[in-house]
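J.: I have a structure here, written as structure tokens, and I will follow up with some questions on it.
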Amino acid sequence: MVNELLGAGVLGAAGAFAAYWHLKFRHVLPMESRLRSSQKSFADFTSFTRETMERAYAPEQPEHYGDITNYYLIKLHKAFPDSSMLLFEKGEGQWKLVNYLKHFKVEPKLLTAYKWSAFDRSSAEGELLRFDDVRAGDYHGMEELFSVFDVKSALMCPFKPAGGAPERLIVFGAPVPSSFDAAQPYLRFVALQLSSISKVSDKIFTLKKETDHLKNEVNAVVKELDVAGSRLIQRARERKALYEVVTKVTGPGGNDSQNGCGAILNIVAKMVEADVVACLLFDDAKGELVVSPGSYGIPDSERMLYSIPVSNHASASVRTFLSRKPFITADAQNDPDVLTRYAKLWEIHSLMIVPISLHDRIIGVMRVGSRRQDFFTPDQLEFLTIIADELAIIIEMVTLYENLSKTAQELAQLNKIKDEFLATVSHELKTPLTTIKGFVSVILSGEVGPLNEQQLNFLTVTDQSVNRLTHLISNLLDLSRLNGKVELEFQKVDLADLVKSSVSTMLLKAREKNVSITNELAKGLPPVHADTRWIGQVVDNLLINAIKYAGAGASVKVTGTDKGEAVVVCVEDNGPGIPLEEQKMVFDKFYRGKSSANQVPGTGLGLAISKSVVEKHGGKIWVESKPGKGSRFCFALPVAKTK
Ligand code: ADP
């Protein structure tokens with residue numbers, strides 16, 4: 001039993017063993033082998049995808065998209081070295097062979113474009129298309145290519161690059177389709193990758209294009225800003241130049257031809273970087289445009305050569321003068337519209353000419369030249385037209401000033417002649433008058449015999465006339481001395497003494513006219529620095545006038561006040577006074593008051609002499625008067641400095 005049991009056990013174990021090995025060899029081992037192979041395939045595919053994804057990048061330029069496609073083809077070929085990779089691109093109804101991967105000993109000569117319905121079908125479906133035997137279908141035209149690459153089976157993988165780029169297609173070819181199952185995920189992955197990369201790249205291209213476009217726009221704006229900026233700077237410089245010109249015109253020295261016109265032409269030259277700037281003014285008498293003094297860049301010797309008759313219409317300056325239209329040329333030496341003579345003389349190429357008008361009257365033109373060609377701009381021409389207006393004002397001022405100074409010079413000359421004449425005549429008259437006066441006095445005294453009444457009367461009138469004439473001549477001589485180089489003998493003078501002596505001399509005259517004089521000079525006045533003779537004459541003049549004009553019964557008062565730096569002496573009367581409009585003129589030479597001219601004898605020189613004397617002392621003289629109430633003549637003299 002035991003043996004039976006043992007026998008049955010042995011048999012049973014042997015059966016199980018056999019069954020185990022049967023299972024192992026028939027099922028488990030092949031499954032394990034398939035599992036390993038599948039694991040390897042999976043690992044290969046994973047490493048392929050990882051590697052390619054790591055290296056993948058989105059090209060920034062369309063040309064580089066080809067490089068990345070080639071990279072994928074190479075990787076594919078490496079993964080399936082026995083296969084051939086052919087890359088096609090669709091164009092004009094055909095498929096162009098753009099790349100292939102297979103190692104040839106000698107490179108074959110291949111057609112570049114192919115037509116095969118399978119390509120179109122695969123591309124239309126957008127899916128992998130598998131041909132285990134390419135010859136099974138209609139592949140007319142592909143025989144030669146496929147035989148060169150030994151392609152009998154083919155997997156077609158289409159993909160569409162983005163942005164309207166031509167469709168592409170990879171042909172994975174092999175003599176037999178054994179690797180097709182394995183290759184399919186690779187191809188799908190590659191097609192997907194290439195399409196995605198293309199999409200990203202396309203976005204990058206568009207962004208880049210937009211960026212470039214924006215960059216260009218920004219550059220253009222920056223450029224415009226630059227231009228606007230430099231224009232602003234130019235405008236600011238022009239404003240500054242204009243300001244300088246206006247300051248020259250209105251400021252001191254603006255009426256000087258050298259400082260005025262010349263300075264403006266200098267500013268213009270600097271402002272527009274010109275080599276020659278000249279003003280051509282119209283000379284009415286000659287009928288010519290003549291260059292004026294103060295021009296810039298033209299030597300005086302050559303300036304004289306520069307004049308153009310206004311009949312010469314070939315001259316651009318004449319045309320600008322006649323039409324009042326500004327003119328500009330880039331090359332005056334070769335411009336038929338310009339008289340090239342002057343352009344050549346001063347080696348000018350660029351030239352601007354603007355009219356100079358004053359109150360709608362054209363008076364000339366301004367010519368601005370540069371030795372450089374095409375140098376001036378229309379903006380500068382506009383700027384010049386503004387400057388020309390300012391220039392016109394200064395030219396008018398210069399002309400007026402020249403005329404005025406000419407007249408002033410002539411007047412001064414005439415005045416000098418008159419003074420010399422008066423001095424000579426007065427001097428010549430004085431000697432015979434002294435003789436006449438001497439003889440008349442002797443005859444009147446009766447020393448040379450008795451006179452009848454008529455003779456006495458006639459001689460008395462003659463004596464008075466001689467006195468008047470002597471007075472006039474001595475006044476004239478005084479005036480001419482004061483106008484000339486009279487030497488004053490300055491010394492410390494006590495005005496109280498001086499006034500006292502003057503008053504006492506005048507007392508007799510005053511009594512004759514029934515006029516009272518009072519001396520009210522304050523005591524202790526500081527001494528003044530003066531010439532006694534001349535200041536005594538001033539006090540005499542004022543006292544004589546007061547006695548003369550105040551009239552009978554009037555009273556005259558002399559006062560003196562210490563004003564610190566000066567002493568003021570006043571001679572006051574309660575006579576008829578002086579009308580307001582005459583008060584300004586009483587110190588003028590030969591001026592005589594309207595009411596006094598015919599009634600009171602006089603020369604009109606007393607106050608003029610007094611004014612001149614006081615001013616020569618560094619003092620002042622003035623009148624205060626209320627008509628009907630009297631007059632008050634005052635003078636102030638500086639106090640003598642104590643050392
Ligand atoms: P003359 O006395 O010889 O006319 P003056 O130069 O001394 O010349 O005076 C000028 C004029 O001033 C006088 O003609 C007179 O009209 C006026 N005048 C001067 N002094 C007085 C005065 N005290 N009162 C009124 N008028 C005066």
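Order determines the names: the first chain of the structure tokens is A, the second B, and so forth; residues in each chain are numbered 1 upward, and ligands are numbered 1 upward as they are shown.
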Could you report the residues within 8 Å of ligand 1, using only C-alpha atoms and all ligand atoms, as a count of residues only?
T.: 43
J.: How would you write, as a PDB file with N, CA and C atoms, in the first residue's frame, the set of residues in stretch 198-314 of chain A that DSSP gives as strand (DSSP E)?
T.:
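result_23.pdb, written as the output of this step:
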```pdb
ATOM      1  N   VAL A 276      30.356 134.705 -45.197  1.00  0.00           N
ATOM      2  CA  VAL A 276      30.226 136.094 -45.647  1.00  0.00           C
ATOM      3  C   VAL A 276      28.803 136.578 -45.356  1.00  0.00           C
ATOM      4  N   VAL A 277      28.677 137.742 -44.720  1.00  0.00           N
ATOM      5  CA  VAL A 277      27.348 138.339 -44.521  1.00  0.00           C
ATOM      6  C   VAL A 277      27.471 139.825 -44.876  1.00  0.00           C
ATOM      7  N   ALA A 278      26.619 140.276 -45.794  1.00  0.00           N
ATOM      8  CA  ALA A 278      26.707 141.680 -46.201  1.00  0.00           C
ATOM      9  C   ALA A 278      25.322 142.265 -46.393  1.00  0.00           C
ATOM     10  N   CYS A 279      25.241 143.574 -46.127  1.00  0.00           N
ATOM     11  CA  CYS A 279      24.007 144.308 -46.371  1.00  0.00           C
ATOM     12  C   CYS A 279      24.207 145.126 -47.630  1.00  0.00           C
ATOM     13  N   LEU A 280      23.316 144.970 -48.591  1.00  0.00           N
ATOM     14  CA  LEU A 280      23.400 145.796 -49.793  1.00  0.00           C
ATOM     15  C   LEU A 280      22.241 146.781 -49.739  1.00  0.00           C
ATOM     16  N   LEU A 281      22.570 148.057 -49.586  1.00  0.00           N
ATOM     17  CA  LEU A 281      21.500 149.048 -49.464  1.00  0.00           C
ATOM     18  C   LEU A 281      21.341 149.805 -50.777  1.00  0.00           C
ATOM     19  N   PHE A 282      20.087 150.196 -51.045  1.00  0.00           N
ATOM     20  CA  PHE A 282      19.797 150.858 -52.310  1.00  0.00           C
ATOM     21  C   PHE A 282      20.259 152.310 -52.257  1.00  0.00           C
ATOM     22  N   ASP A 283      21.128 152.661 -53.223  1.00  0.00           N
ATOM     23  CA  ASP A 283      21.591 154.050 -53.326  1.00  0.00           C
ATOM     24  C   ASP A 283      20.762 154.713 -54.425  1.00  0.00           C
ATOM     25  N   GLU A 288      21.867 151.912 -57.570  1.00  0.00           N
ATOM     26  CA  GLU A 288      22.626 150.676 -57.372  1.00  0.00           C
ATOM     27  C   GLU A 288      22.402 150.122 -55.971  1.00  0.00           C
ATOM     28  N   LEU A 289      22.618 148.812 -55.844  1.00  0.00           N
ATOM     29  CA  LEU A 289      22.675 148.214 -54.509  1.00  0.00           C
ATOM     30  C   LEU A 289      24.137 148.254 -54.094  1.00  0.00           C
ATOM     31  N   VAL A 290      24.409 148.918 -52.991  1.00  0.00           N
ATOM     32  CA  VAL A 290      25.802 149.113 -52.579  1.00  0.00           C
ATOM     33  C   VAL A 290      26.024 148.462 -51.222  1.00  0.00           C
ATOM     34  N   VAL A 291      27.137 147.756 -51.079  1.00  0.00           N
ATOM     35  CA  VAL A 291      27.395 147.077 -49.815  1.00  0.00           C
ATOM     36  C   VAL A 291      27.690 148.123 -48.728  1.00  0.00           C
ATOM     37  N   SER A 307      28.981 146.531 -55.879  1.00  0.00           N
ATOM     38  CA  SER A 307      27.761 147.293 -56.116  1.00  0.00           C
ATOM     39  C   SER A 307      27.111 146.752 -57.387  1.00  0.00           C
ATOM     40  N   ILE A 308      25.800 146.652 -57.365  1.00  0.00           N
ATOM     41  CA  ILE A 308      25.089 146.066 -58.508  1.00  0.00           C
ATOM     42  C   ILE A 308      23.974 147.020 -58.944  1.00  0.00           C
ATOM     43  N   PRO A 309      23.953 147.430 -60.230  1.00  0.00           N
ATOM     44  CA  PRO A 309      22.865 148.301 -60.692  1.00  0.00           C
ATOM     45  C   PRO A 309      21.531 147.544 -60.616  1.00  0.00           C
TER      46      PRO A 309
END
```
J.: What lies within 10 Å of A:Pro161 using only C-alpha atoms, ignoring chain neighbours under 3 positions off, as a count of residues only?
T.: 15
J.: Could you list, as a PyMOL selection string, every residue within 8 Å of A:Tyr186, counting only C-alpha atoms and ignoring same-chain residues fewer than 4 positions away?
T.: chain A and resi 45+76+182+190
J.: Could you please take those selected residues and save N, CA, C and O atoms as a PDB file, in the first residue's frame?
T.:
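Final output, saved to selection-v6.pdb:
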```pdb
ATOM      1  N   PHE A  45      12.227  54.096 -26.267  1.00  0.00           N
ATOM      2  CA  PHE A  45      11.333  55.177 -26.698  1.00  0.00           C
ATOM      3  C   PHE A  45      11.373  56.345 -25.697  1.00  0.00           C
ATOM      4  O   PHE A  45      11.461  57.515 -26.073  1.00  0.00           O
ATOM      5  N   LEU A  76      15.839  59.785 -35.464  1.00  0.00           N
ATOM      6  CA  LEU A  76      15.002  58.654 -35.903  1.00  0.00           C
ATOM      7  C   LEU A  76      15.854  57.570 -36.557  1.00  0.00           C
ATOM      8  O   LEU A  76      15.723  56.377 -36.300  1.00  0.00           O
ATOM      9  N   ALA A 182       7.147  49.161 -34.155  1.00  0.00           N
ATOM     10  CA  ALA A 182       7.977  49.898 -33.185  1.00  0.00           C
ATOM     11  C   ALA A 182       8.148  51.361 -33.606  1.00  0.00           C
ATOM     12  O   ALA A 182       8.209  52.266 -32.773  1.00  0.00           O
ATOM     13  N   VAL A 190       7.484  62.372 -33.313  1.00  0.00           N
ATOM     14  CA  VAL A 190       8.270  63.361 -34.078  1.00  0.00           C
ATOM     15  C   VAL A 190       7.340  64.349 -34.787  1.00  0.00           C
ATOM     16  O   VAL A 190       7.552  65.566 -34.760  1.00  0.00           O
TER      17      VAL A 190
END
```
J.: Counting only C-alpha atoms, which of A:Leu482, A:Asp335, A:Ile264, A:Leu433 gets nearest to A:Ser465?
T.: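 The answer is A:Leu433, which sits nearest to A:Ser465.
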J.: Output as CSV one row per residue of stretch 394-507 of chain A within 10 Å of stretch 534-537 of chain A: the closest atom pair and its distance in Å to one decimal place, counting only C-alpha atoms, sorted by chain and residue number ascending.
T.:
```
residue,atom,partner,partner_atom,distance
A:Asp478,CA,A:Trp534,CA,9.6
A:Leu488,CA,A:Trp534,CA,8.1
A:Glu489,CA,A:Trp534,CA,9.2
A:Val493,CA,A:Ile535,CA,9.6
A:Leu495,CA,A:Ile535,CA,9.2
A:Leu498,CA,A:Gly536,CA,6.4
A:Val499,CA,A:Gly536,CA,7.5
A:Ser501,CA,A:Gly536,CA,8.7
A:Ser502,CA,A:Gly536,CA,6.8
```
J.: Residues near A:Gln94, anyone? I mean within 10 Å using only C-alpha atoms, not counting same-chain ones fewer than 5 positions away, as a PyMOL selection string.
T.: chain A and resi 88-89+112-116+119-120
J.: Skip A:Arg341 itself and residues of its chain fewer than 4 positions away, then list as a list in words all residues within 10 Å of it, counting only C-alpha atoms.
T.: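 Result of the neighbour search: Ser315, Ala332, Gln333, Leu345, Trp346 and Glu347 of chain A.
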J.: Residues at most 12 Å from A:Thr434, counting only C-alpha atoms, excluding those fewer than 4 positions away in the same chain, as a list in words?
T.: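 So, after excluding close chain neighbours, the residues are His427, Glu428, Leu429, Lys430, Gly438, Phe439, Val440, Ser441, Asp463, Val466, Asn467, Leu469, Thr470, His471, Ile473 and Ser474 of chain A.
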J.: Residues of stretch 341-535 of chain A classed as helix (DSSP H, G or I) by DSSP on the backbone are to be reported as a PyMOL selection string.
T.: chain A and resi 341-345+378-444+453-483+495-512+532-535
J.: Suppose you want the space between atom CA of A:Glu402 and atom CA of A:Phe421; what is it in Å?
T.: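 Result for atom CA of A:Glu402 versus atom CA of A:Phe421: 28.4 Å, one decimal.
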J.: Mind giving me the straight-line distance from atom CA of A:Lys203 to atom CA of A:Glu63 in Å, one decimal?
T.: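 Computing it gives 14.8 Å between the two atoms.
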J.: Just give me the gap between atom CA of A:Leu73 and atom CA of A:Lys102 in Å, one decimal is fine.
T.: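 Those two atoms sit 10.6 Å apart.
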J.: Given only C-alpha atoms as the basis, pick out the residue of A:Lys208, A:Arg26, A:Arg367, A:Arg50 nearest to A:Phe189.
T.: A:Arg50
